[in-house]
Amino acid sequence: MPEISTAERAGVGSDGHPRPTEDHIALLPHAILVLDGATSPSPDLPPGGWYAHLLRDQLAHELTTHPHQPLTTALATAITEVATTNDLTPGNSPSSTVSILRWTDHEIEALVLADSPIVAFGHSGTDVVADDRLISLRNNGLLQTSKDVRRRRNAEDGFWVAEADPSAAHKAVQRSWPREDIDAVLIATDGVAIGVDEYGLFKWPEVLQLAKNKGPEAVLDAVRAAENDDPHAVRWPRAKRHDDQVLVLADFAG
């Protein structure tokens, strides 16, 4: 089993006030799950953190009960179970990103649905497993309103995320590597990945070294320090001053 270290920190809501984190982690004997509940586009819906918590637990159950099934199958089954149990319907449900890292003695697998990347480091350098469809839509100005989000969520011309439609699981980005080729893996929610992708504070190899040398918490500190230096989101326009943060380091070299 790899040596695993984690760090997590709650952000603030869109109103700027503190609230419980909507990011969730599960550490299983042969897998790591990271989910980031999305802010619900309607006040009539339960919060994304509520959904992410339920989906994490159901997905952990699927991977524990059926440890060799395809990751997409496990995720689709978990989405169906949560939706059925809680009377959620496609297009009218809270949602969450999903990132899964699973390993055996011979292979390491990654699944990423929406914007919480998995980054592997090894003999061939850095391999970023990222689902950039949501980010691309945002950057192109196509997600201006909650109506835009609803229309493009889990649609062929939009982005894919876990909510009440199990077919989204099969749209995830996947990768696998021989275990002997990988030294370490990072899993980050967008509240951490933004430090690489938008703030340009560091590149992923530098994130790895900082996490190894000072712990994952030091990476969260660096992102928060940058945001505190831009309190009114002038340099880096963003919906929240601070997003929730999760960073997981799985060290396979030890």
# chains A, B, ... in the order shown; residues from 1 in each chain; ligands from 1
$ residues_around --residues "segment 108-113 of chain A" --least-positions-apart "4" --cutoff "8 Å" --atoms "only C-alpha atoms" --output "number ranges by chain"
A: 71-72, 97-104, 117-118, 129-131, 160-162, 169, 171-179
$ residues_around --residues "segment 28-39 of chain A" --least-positions-apart "2" --cutoff "9 Å" --atoms "only C-alpha atoms" --output "MDAnalysis selection string"
chainID A and resid 1 13:14 21:26 41:42 47:53 55:56 59:60 63:64 67 94:104 115:116 187:190 244:248 250
$ residues_around --residues "His123 of chain A" --least-positions-apart "6" --cutoff "10 Å" --atoms "only C-alpha atoms" --output "ChimeraX atom specification"
/A:180-183
$ residues_around --residues "segment 217-230 of chain A" --least-positions-apart "3" --cutoff "7 Å" --atoms "only C-alpha atoms" --output "list in words"
Ala7, Val192, Gly195, Val207, Leu210, Ala211, Lys214, Ala233, Val234, Arg235, Arg241, His242 and Gln245 of chain A
$ write_last_selection --atoms "C-alpha atoms" --output "PDB file, in the first residue's frame"
ATOM      1  CA  ALA A   7      -4.940  17.873   3.693  1.00  0.00           C
ATOM      2  CA  VAL A 192      -6.017  23.410  -5.026  1.00  0.00           C
ATOM      3  CA  GLY A 195      -3.002  27.311  -7.977  1.00  0.00           C
ATOM      4  CA  VAL A 207       3.393  20.817  -5.939  1.00  0.00           C
ATOM      5  CA  LEU A 210       6.275  20.855  -1.632  1.00  0.00           C
ATOM      6  CA  ALA A 211       3.802  18.191  -0.513  1.00  0.00           C
ATOM      7  CA  LYS A 214       6.456  20.048   3.996  1.00  0.00           C
ATOM      8  CA  ALA A 233     -10.756  38.850  -7.004  1.00  0.00           C
ATOM      9  CA  VAL A 234      -9.233  41.512  -9.236  1.00  0.00           C
ATOM     10  CA  ARG A 235      -6.110  39.661 -10.340  1.00  0.00           C
ATOM     11  CA  ARG A 241     -12.612  34.253  -2.295  1.00  0.00           C
ATOM     12  CA  HIS A 242     -11.678  30.743  -1.094  1.00  0.00           C
ATOM     13  CA  GLN A 245      -9.562  22.423  -0.761  1.00  0.00           C
TER      14      GLN A 245
END
$ closest_residue --among "A:Glu8, A:Ser167, A:Gly215, A:Asn140" --to "Ala155 of chain A" --atoms "only C-alpha atoms"
A:Ser167
$ residues_around --residues "Val119 of chain A" --least-positions-apart "3" --cutoff "7 Å" --atoms "only C-alpha atoms" --output "ChimeraX atom specification"
/A:126-129,185-187
$ residues_around --residues "Phe159 of chain A" --least-positions-apart "3" --cutoff "8 Å" --atoms "only C-alpha atoms" --output "list in words"
Ala114, Arg133, Leu134, Leu137, Arg152, Arg153, Asn154, Ala155 and Glu156 of chain A
$ write_last_selection --atoms "N, CA and C atoms" --output "PDB file, in the first residue's frame"
ATOM      1  N   ALA A 114     -15.276  15.505 -14.181  1.00  0.00           N
ATOM      2  CA  ALA A 114     -15.282  16.936 -13.868  1.00  0.00           C
ATOM      3  C   ALA A 114     -13.932  17.366 -13.298  1.00  0.00           C
ATOM      4  N   ARG A 133     -13.548  19.778 -19.702  1.00  0.00           N
ATOM      5  CA  ARG A 133     -14.741  20.250 -20.417  1.00  0.00           C
ATOM      6  C   ARG A 133     -15.444  21.386 -19.679  1.00  0.00           C
ATOM      7  N   LEU A 134     -15.560  21.278 -18.357  1.00  0.00           N
ATOM      8  CA  LEU A 134     -16.206  22.326 -17.580  1.00  0.00           C
ATOM      9  C   LEU A 134     -15.393  23.622 -17.631  1.00  0.00           C
ATOM     10  N   LEU A 137     -15.723  25.393 -21.020  1.00  0.00           N
ATOM     11  CA  LEU A 137     -16.993  26.116 -21.159  1.00  0.00           C
ATOM     12  C   LEU A 137     -16.968  27.425 -20.381  1.00  0.00           C
ATOM     13  N   ARG A 152     -26.247  22.606 -19.979  1.00  0.00           N
ATOM     14  CA  ARG A 152     -25.031  21.956 -20.482  1.00  0.00           C
ATOM     15  C   ARG A 152     -24.510  20.846 -19.578  1.00  0.00           C
ATOM     16  N   ARG A 153     -25.125  20.698 -18.409  1.00  0.00           N
ATOM     17  CA  ARG A 153     -24.696  19.640 -17.503  1.00  0.00           C
ATOM     18  C   ARG A 153     -25.171  18.288 -18.032  1.00  0.00           C
ATOM     19  N   ASN A 154     -24.222  17.361 -18.162  1.00  0.00           N
ATOM     20  CA  ASN A 154     -24.498  16.015 -18.669  1.00  0.00           C
ATOM     21  C   ASN A 154     -25.198  16.054 -20.028  1.00  0.00           C
ATOM     22  N   ALA A 155     -24.633  16.889 -20.918  1.00  0.00           N
ATOM     23  CA  ALA A 155     -25.106  17.011 -22.297  1.00  0.00           C
ATOM     24  C   ALA A 155     -23.906  16.896 -23.226  1.00  0.00           C
ATOM     25  N   GLU A 156     -24.135  16.413 -24.431  1.00  0.00           N
ATOM     26  CA  GLU A 156     -23.028  16.175 -25.357  1.00  0.00           C
ATOM     27  C   GLU A 156     -22.278  17.454 -25.718  1.00  0.00           C
TER      28      GLU A 156
END
